[in-house]
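**Q** Handing you a structure now.
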Amino acid sequence: MATSRADVEKGASSSPRKAKQEPGKVPAPLYPQHEGEREWTPWLVPSILVANITVFTIAMYYNNCPAHNARPGRDDGQCVARFLHRFSFQPLRQNPLLGPSSATLVKMGALVWDKVVHGHQGWRLFSCMWMHAGVLHLLANMLSLLFIGLRLEQQFGYVRIGAIYLVSGVGGSVLSSLFIRSAISVGASGALFGLLGAMLAELLSNWTIYTNKVAAVTTLLFVIAVNLVLGILPHVNNFAHIGGFLTGFLLGFVLLMRPHFGWMERYRLPAGSPCTARKYLPYQWALMAAALALAVAGFAIGLAMVFRGANANSSCGWCHYLSCVPTKSWTCAN
């Protein structure tokens, strides 16, 4: 008898004996698909990819490096890839990531603390997550989006993954605005870290349906740690990473938890068992409520502090090291 598509997706063996030894367990380390759950066709993540590329293309069209760099008194070097005409990149001394100028990014919606607080342009908390500083920046983020987002959307659907992505992106912008005042910020990194945080929350809340638990949590924590360490390099906004991760982590407990599946499989109880639901569901609902309360409270407090012009650095003298650590090779000056 042919193995079902669901069994292949989950890495199940065709051997009945082996399947019997591990009833109800899911070998897939990061993306378990529970029996009977719907498998979605991803369309939101590809749409986000297209939207980001489109916004970057519009930014390059508006930037028009040859026209702006040809002005009298400008000696910033030649535009890169001049055969692209108005889509050519700014000189490398201005933007080594192969992209538009800072002025173009600001005009199109980059996160700038002064404009958000004093210019009443709160929409920049949302718009900045759709912009990128250059081709290299865009390429790195979009590859990460495909690697992380496609399988998550396939498993959990576009509504939940879309909500986590968007809210986490804004969460990263809020934390950035509290700590970074004199530099602009763009990129989808906060939203991507939100997906990583949600993955970790899903792993912890649905712990019992995993077979190789240690490998799953070790792999995920390693990926998160490496990306956070890279965030201490200059010109990388690690506060967006941290804010997005914390937001996604809390939302993961709210949106990605599978009620009672794990407990049923652990104790080999039939699906829909009323005693299991009565005994363990209250703990899961309590965890979901606590995570939701923390997320809402954190968002409300963070937004209130941002629009009041609060400077979080004054209350945390060492927090700036979370985004940049000076060494002999570089400084953290703007």
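Here's how to read the names in the structure tokens: chain A, B, ... by the order shown, residue numbers from 1 in each chain, ligand numbers from 1 in the order shown.
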Can you pull out the residues contacting range 314-331 of chain A? Cut-off 10 Å, using only C-alpha atoms, and skip same-chain residues under 4 positions away; I want them as a PyMOL selection string.

**A** chain A and resi 176+179-180+228-242+310

**Q** Got a sec: who's within 9 Å of Val55 in chain A, counting only C-alpha atoms, leaving out chain neighbours fewer than 6 positions off, as an mmCIF file with all heavy atoms, in the first residue's frame?

**A**
```
data_model
loop_
_atom_site.group_PDB
_atom_site.id
_atom_site.type_symbol
_atom_site.label_atom_id
_atom_site.label_comp_id
_atom_site.auth_asym_id
_atom_site.auth_seq_id
_atom_site.Cartn_x
_atom_site.Cartn_y
_atom_site.Cartn_z
ATOM 1 N N TRP A 130 8.821 47.598 4.819
ATOM 2 C CA TRP A 130 8.680 47.221 3.425
ATOM 3 C C TRP A 130 9.816 47.774 2.564
ATOM 4 O O TRP A 130 9.833 47.562 1.350
ATOM 5 C CB TRP A 130 7.344 47.726 2.873
ATOM 6 C CG TRP A 130 6.182 47.182 3.631
ATOM 7 C CD1 TRP A 130 5.512 47.785 4.655
ATOM 8 C CD2 TRP A 130 5.568 45.903 3.455
ATOM 9 N NE1 TRP A 130 4.516 46.968 5.125
ATOM 10 C CE2 TRP A 130 4.525 45.799 4.398
ATOM 11 C CE3 TRP A 130 5.798 44.832 2.580
ATOM 12 C CZ2 TRP A 130 3.717 44.668 4.506
ATOM 13 C CZ3 TRP A 130 4.988 43.711 2.683
ATOM 14 C CH2 TRP A 130 3.961 43.641 3.631
ATOM 15 N N MET A 131 10.761 48.456 3.191
ATOM 16 C CA MET A 131 11.853 49.087 2.457
ATOM 17 C C MET A 131 13.179 48.429 2.813
ATOM 18 O O MET A 131 13.330 47.862 3.902
ATOM 19 C CB MET A 131 11.901 50.585 2.766
ATOM 20 C CG MET A 131 10.588 51.301 2.514
ATOM 21 S SD MET A 131 10.776 53.063 2.742
ATOM 22 C CE MET A 131 11.951 53.410 1.440
ATOM 23 N N HIS A 132 14.140 48.522 1.885
ATOM 24 C CA HIS A 132 15.457 47.937 2.117
ATOM 25 C C HIS A 132 16.535 48.894 1.621
ATOM 26 O O HIS A 132 16.326 49.649 0.671
ATOM 27 C CB HIS A 132 15.575 46.587 1.423
ATOM 28 C CG HIS A 132 14.764 45.518 2.083
ATOM 29 N ND1 HIS A 132 13.413 45.366 1.836
ATOM 30 C CD2 HIS A 132 15.091 44.584 3.011
ATOM 31 C CE1 HIS A 132 12.950 44.362 2.569
ATOM 32 N NE2 HIS A 132 13.943 43.875 3.282
#
```

**Q** Between CA of Leu256 in chain A and CA of Gly190 in chain A, what is the distance in Å, rounded to a tenth?

**A**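 Here the two named atoms are 18.7 Å from each other.
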
**Q** Can you check which residues of range 176-241 of chain A DSSP gives as alpha helix (DSSP H) on the backbone and send them as JSON, numbers by chain?

**A** {"A": [176, 177, 178, 179, 189, 190, 191, 192, 193, 194, 195, 196, 197, 198, 199, 200, 201, 202, 203, 204, 205, 213, 214, 215, 216, 217, 218, 219, 220, 221, 222, 223, 224, 225, 226, 227, 228, 229, 230, 238, 239, 240, 241]}

**Q** If you count only C-alpha atoms, which residues fall within 10 Å of Ile164 in chain A, apart from same-chain ones fewer than 5 positions away, as a PyMOL selection string?

**A** chain A and resi 158-159+169+191-192+194-195+197-198+244+247-252+255-256

**Q** Record the distance separating CA of Ala312 in chain A and CA of Leu178 in chain A, expressed in Å with one decimal.

**A** 5.3 Å

**Q** Between A:Val167, A:Leu105, A:Leu84, A:Leu287, which one has atoms that come closest to Leu204 in chain A, using only C-alpha atoms?

**A**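 Answer, going by the shortest atom-to-atom distance: A:Leu287.
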